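Notes to accompany the following structure.
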Amino acid sequence: MAAGVSHAVQARIDPDTREHLISSMFGVDASNPDHDDIITLGVCAAFLGVTAVLLVYAWCNYNYRPIRAKNLTWTTLIYCSVVLWFVGNICTNNHVRLVGVWSNCKLWVLWFRVLFTFVFATMTIVRFYALDRVFNQKKPFTRRSSLIAGGVVIVFNVVFCLINQLISDNVTVGYVPSLEACNITMTFRIVALTLQWVMWTGCGFLMFRLRNIQSSFNEFRESILIFIVIIALLTETTVTNLHYEYYIFEKKRRTEKTYVDVIAGVLVIWLFIGYPVFQSIFNRKAYEQQWLEMLAKDGPGNTYNVSSNPQGTTAYAKMDDNIDSGFNNSQLNYEGHGMMDSAYMNNHRPFGDSDPFNIESGMSAHAPFNDNLLPMALRNNIHKPVLNTPTMFSSGYMDPPSDGRHVL
């Protein structure tokens with residue numbers, strides 16, 4: 001909306017007069033917020049609610065290994081950004097009368113709609129970068145890396161919004177009391193959209209680098225689908241904001257914009273974790289077995305860092321080959337301190353200080369799948385670490401104990 005609109009009408013007007021005035025001023029079929037807007041908000045909230053159930057289920061089944069291989073913490077934060085982005089859309093897309101608290105346009109447009117759209121984008125791109133770092137650069141995406149990435153996301157987005165908060169409303173975002181509307185200038189729209197396009201164009205380079213990711217995690221297929229969804233959303237957003245400048249006054253266009261934003265946001269979450277969750281519900285044991293066999297075939301010891309400690313501080317745990325402990329505290333993550341390659345051959349022998357084991361050399365094309373051939377963090381027969389064992393957190397491997405058990 002042009003910046004000069006705030007001076008066009010000075011007095012507050014009743015809803016019917018507002019519709020006629022806006023229609024004549026801007027040449028659109030203006031409509032005040034009504035029950036259709038409420039329905040739109042309700043349906044979108046339902047989409048977000050169903051997605052929240054998906055995430056809760058994933059967290060409740062975190063020990064299911066195909067789910068555990070996903071970065072649930074990062075995915076949950078991306079979901080939270082979608083929710084807050086939707087809250088910003090309530091005001092930005094004029095789904096309610098912008099009076100009272102809703103009249104604070106810079107709060108809702110800048111610090112909710114724009115900020116969390118950017119947070120959603122940057123966090124999704126960082127997740128792609130984490131995959132590139134692990135699969136292509138062969139480096140761990142540690143807790144330190146995650147915190148640094150999160151800090152960069154926060155600083156970048158907050159600085160952008162803070163700068164625009166301090167700039168005059170006539171250049172960025174301001175409230176027009178007489179029209180009960182937020183004035184989002186064309187300059188601000190172009191700057192925000194340009195930054196988004198720059199980020200996602202750079203992300204296209206990561207997509208190219210992720211093309212050879214191992215099949216057991218389906219990460220490249222998921223990533224390319226997410227990239228397509230985001231590019232489609234960004235194209236729609238660009239056309240809506242630049243071509244249909246006054247879309248917020250038209251019921252059809254503003255509801256369509258909100259639906260598209262929410263559906264794209266939740267679809268990204270479903271693409272991240274929907275498939276392993278679906279399999280855990282309807283095909284739990286068979287899919288996990290198939291997933292583990294594919295994982296062993298792919299040789300993840302050369303790609304993933306594996307830790308048996310929930311805090312990611314050690315790669316050692318006590319193991320008894322004869323008892324299945326249901327995975328307990330073992331975890332697959334990007335935070336381990338070493339790769340577990342192996343020389344675990346047909347003879348189940350203990351290994352010494354510098355004799356790690358290789359999955360692929362232990363797998364036989366004619367032999368049934370053996371859980372012991374997997375990295376320790378993907379096995380079922382892991383016991384909780386005995387914290388009072390003096391060698392538990394020592395560096396390197398210990399000689400096998402006299403009772404025949406292996407201490408990894």
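Each chain in the structure tokens gets a letter, A, B and so on, in the order shown; residues start at 1 in every chain, and ligands are counted from 1 in the order they appear.
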Give the helix (DSSP H, G or I) residues of segment 93-277 of chain A, as DSSP finds them on the backbone, and put them as a PyMOL selection string.
chain A and resi 100-103+105-135+143-166+186-212+215-217+219-243+247-249+251-277
Within 10 Å of segment 117-138 of chain A, which residues of segment 192-262 of chain A come that close, and what is the closest atom pair and distance in Å for each? Count only C-alpha atoms and give it as JSON lines.
```
{"residue": "A:Ala192", "atom": "CA", "partner": "A:Phe118", "partner_atom": "CA", "distance": 9.0}
{"residue": "A:Leu195", "atom": "CA", "partner": "A:Phe118", "partner_atom": "CA", "distance": 9.0}
{"residue": "A:Gln196", "atom": "CA", "partner": "A:Phe118", "partner_atom": "CA", "distance": 7.4}
{"residue": "A:Met199", "atom": "CA", "partner": "A:Thr122", "partner_atom": "CA", "distance": 7.7}
{"residue": "A:Trp200", "atom": "CA", "partner": "A:Ile125", "partner_atom": "CA", "distance": 7.8}
{"residue": "A:Gly202", "atom": "CA", "partner": "A:Ile125", "partner_atom": "CA", "distance": 9.0}
{"residue": "A:Cys203", "atom": "CA", "partner": "A:Ile125", "partner_atom": "CA", "distance": 6.3}
{"residue": "A:Gly204", "atom": "CA", "partner": "A:Ile125", "partner_atom": "CA", "distance": 9.7}
{"residue": "A:Leu206", "atom": "CA", "partner": "A:Phe128", "partner_atom": "CA", "distance": 6.9}
{"residue": "A:Met207", "atom": "CA", "partner": "A:Phe128", "partner_atom": "CA", "distance": 7.8}
{"residue": "A:Phe208", "atom": "CA", "partner": "A:Asp132", "partner_atom": "CA", "distance": 9.9}
{"residue": "A:Arg209", "atom": "CA", "partner": "A:Asp132", "partner_atom": "CA", "distance": 6.9}
{"residue": "A:Leu210", "atom": "CA", "partner": "A:Asp132", "partner_atom": "CA", "distance": 6.2}
{"residue": "A:Arg211", "atom": "CA", "partner": "A:Asp132", "partner_atom": "CA", "distance": 9.8}
{"residue": "A:Asn212", "atom": "CA", "partner": "A:Phe135", "partner_atom": "CA", "distance": 8.6}
{"residue": "A:Ile213", "atom": "CA", "partner": "A:Phe135", "partner_atom": "CA", "distance": 6.6}
{"residue": "A:Gln214", "atom": "CA", "partner": "A:Phe135", "partner_atom": "CA", "distance": 8.3}
{"residue": "A:Glu219", "atom": "CA", "partner": "A:Leu131", "partner_atom": "CA", "distance": 8.1}
{"residue": "A:Phe220", "atom": "CA", "partner": "A:Leu131", "partner_atom": "CA", "distance": 9.2}
{"residue": "A:Ser223", "atom": "CA", "partner": "A:Phe128", "partner_atom": "CA", "distance": 7.3}
{"residue": "A:Ile226", "atom": "CA", "partner": "A:Thr124", "partner_atom": "CA", "distance": 9.0}
{"residue": "A:Phe227", "atom": "CA", "partner": "A:Ile125", "partner_atom": "CA", "distance": 9.4}
{"residue": "A:Ile230", "atom": "CA", "partner": "A:Ala121", "partner_atom": "CA", "distance": 8.5}
{"residue": "A:Asp261", "atom": "CA", "partner": "A:Thr117", "partner_atom": "CA", "distance": 9.4}
```
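Nearest to Val56 of chain A of all the residues A:Phe112, A:His35, A:Asn93, A:Ile273 is A:Ile273, based on only C-alpha atoms.
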DSSP-assigned strand (DSSP E or B) among segment 168-217 of chain A, expressed as a PyMOL selection string:
chain A and resi 173-176+181-184
For a test of reading the model, state the distance in Å between atom CA of Leu54 of chain A and atom CA of Gly88 of chain A, rounded to one decimal.
23.1 Å
Just the number, please: distance in Å from atom CA of Asn32 of chain A to atom CA of Tyr247 of chain A, one decimal.
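The value is 12.2 Å.
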Nearby residues (only C-alpha atoms) at most 12 Å from Val229 of chain A, same-chain spacing under 4 positions excluded, as a PDB file with C-alpha atoms, in the first residue's frame:
```pdb
ATOM      1  CA  ALA A 121      13.635 -20.047   6.242  1.00  0.00           C
ATOM      2  CA  TRP A 200      16.841 -19.763  -1.015  1.00  0.00           C
ATOM      3  CA  GLU A 222      12.899 -35.034   1.467  1.00  0.00           C
ATOM      4  CA  SER A 223      15.156 -32.018   1.010  1.00  0.00           C
ATOM      5  CA  ILE A 224      14.346 -31.542  -2.666  1.00  0.00           C
ATOM      6  CA  LEU A 225      10.594 -31.799  -1.958  1.00  0.00           C
ATOM      7  CA  LEU A 233       5.493 -20.551  -1.620  1.00  0.00           C
ATOM      8  CA  LEU A 234       8.038 -17.789  -2.217  1.00  0.00           C
ATOM      9  CA  THR A 235       6.854 -17.367  -5.801  1.00  0.00           C
ATOM     10  CA  GLU A 236       3.235 -17.094  -4.636  1.00  0.00           C
ATOM     11  CA  VAL A 260      -0.983 -21.228   1.503  1.00  0.00           C
ATOM     12  CA  ASP A 261       1.424 -20.053   4.223  1.00  0.00           C
ATOM     13  CA  VAL A 262       0.159 -22.499   6.838  1.00  0.00           C
ATOM     14  CA  ILE A 263      -0.133 -25.481   4.487  1.00  0.00           C
ATOM     15  CA  ALA A 264       3.402 -24.916   3.182  1.00  0.00           C
ATOM     16  CA  GLY A 265       4.764 -24.564   6.720  1.00  0.00           C
ATOM     17  CA  VAL A 266       3.162 -27.731   8.095  1.00  0.00           C
ATOM     18  CA  LEU A 267       3.962 -29.657   4.909  1.00  0.00           C
ATOM     19  CA  VAL A 268       7.648 -29.017   5.544  1.00  0.00           C
ATOM     20  CA  ILE A 269       7.299 -30.541   9.029  1.00  0.00           C
ATOM     21  CA  TRP A 270       5.478 -33.577   7.634  1.00  0.00           C
ATOM     22  CA  LEU A 271       8.166 -34.056   5.001  1.00  0.00           C
TER      23      LEU A 271
END
```
Nearest to Cys60 of chain A among A:Phe116, A:Met186, A:Ser280, A:Val152, with distances taken over only C-alpha atoms: which residue is it?
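Closest candidate: A:Ser280.
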For a test of reading the model, state the distance in Å between atom CA of Trp291 of chain A and atom CA of Pro276 of chain A, rounded to one decimal.
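One can read the atom CA of Trp291 of chain A to atom CA of Pro276 of chain A distance as 9.9 Å.
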Using only C-alpha atoms, find the one residue out of A:Ile184, A:Leu179, A:Val159, A:Leu295 that sits nearest to Ser23 of chain A.
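Nearest candidate to Ser23 of chain A out of A:Ile184, A:Leu179, A:Val159, A:Leu295: A:Leu179.
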Could you give me, as number ranges by chain, the residues within 9 Å of Asp169 of chain A, counting only C-alpha atoms and dropping anything in the same chain fewer than 3 positions from it?
A: 3, 106, 164-166, 172-175, 183-185
Write a file of the just-selected residues containing C-alpha atoms, as a PDB file, in the first residue's frame.
```
ATOM      1  CA  ALA A   3       2.858   5.347   1.993  1.00  0.00           C
ATOM      2  CA  LYS A 106       5.097  -3.167  13.705  1.00  0.00           C
ATOM      3  CA  ASN A 164      13.127  -1.659  10.465  1.00  0.00           C
ATOM      4  CA  GLN A 165      11.580  -0.986  13.869  1.00  0.00           C
ATOM      5  CA  LEU A 166      13.726   2.139  14.187  1.00  0.00           C
ATOM      6  CA  THR A 172       8.479   0.381   6.482  1.00  0.00           C
ATOM      7  CA  VAL A 173       5.264  -0.531   8.324  1.00  0.00           C
ATOM      8  CA  GLY A 174       2.683   1.750   9.924  1.00  0.00           C
ATOM      9  CA  TYR A 175      -0.924   1.823  11.106  1.00  0.00           C
ATOM     10  CA  ASN A 183       0.427   0.112   5.614  1.00  0.00           C
ATOM     11  CA  ILE A 184       3.283  -2.077   4.373  1.00  0.00           C
ATOM     12  CA  THR A 185       5.275  -0.013   1.909  1.00  0.00           C
TER      13      THR A 185
END
```
Might you pull out every residue within 12 Å of Ala46 of chain A, with only C-alpha atoms counted and same-chain residues fewer than 3 positions away left off, and present them as a count of residues only?
15
Top pick for closest residue to Thr73 of chain A, considering A:Ser103, A:Asn157, A:Thr17, A:Ser146 and counting only C-alpha atoms:
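With only C-alpha atoms as the atom set, the closest residue is A:Ser146.
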Non-local contacts of Val101 of chain A (10 Å; only C-alpha atoms; under 5 positions in same chain excluded) as JSON, numbers by chain:
{"A": [91, 107, 108]}
The selected residues should be written to file as a PDB file, in the first residue's frame (atoms: N, CA, C and O atoms).
```
ATOM      1  N   CYS A  91      -2.942 -10.482  11.861  1.00  0.00           N
ATOM      2  CA  CYS A  91      -2.977  -9.027  11.690  1.00  0.00           C
ATOM      3  C   CYS A  91      -2.570  -8.615  10.283  1.00  0.00           C
ATOM      4  O   CYS A  91      -3.259  -7.836   9.628  1.00  0.00           O
ATOM      5  N   LEU A 107       4.561  -4.543  15.626  1.00  0.00           N
ATOM      6  CA  LEU A 107       4.684  -5.740  16.452  1.00  0.00           C
ATOM      7  C   LEU A 107       4.304  -6.980  15.655  1.00  0.00           C
ATOM      8  O   LEU A 107       5.070  -7.957  15.579  1.00  0.00           O
ATOM      9  N   TRP A 108       3.116  -6.971  15.053  1.00  0.00           N
ATOM     10  CA  TRP A 108       2.594  -8.164  14.396  1.00  0.00           C
ATOM     11  C   TRP A 108       3.236  -8.410  13.035  1.00  0.00           C
ATOM     12  O   TRP A 108       3.499  -9.566  12.681  1.00  0.00           O
TER      13      TRP A 108
END
```
Near Ser31 of chain A, within 7 Å and counting only C-alpha atoms, which residues show up once chain neighbours fewer than 5 positions away are dropped, as a list in words?
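Everything that qualifies: Glu19, Phe249, Glu250 and Lys251 of chain A.
Proximity of A:Gln290, A:Thr75, A:Asn104, A:Gln279 to Leu55 of chain A, computed with only C-alpha atoms, is greatest for A:Thr75.
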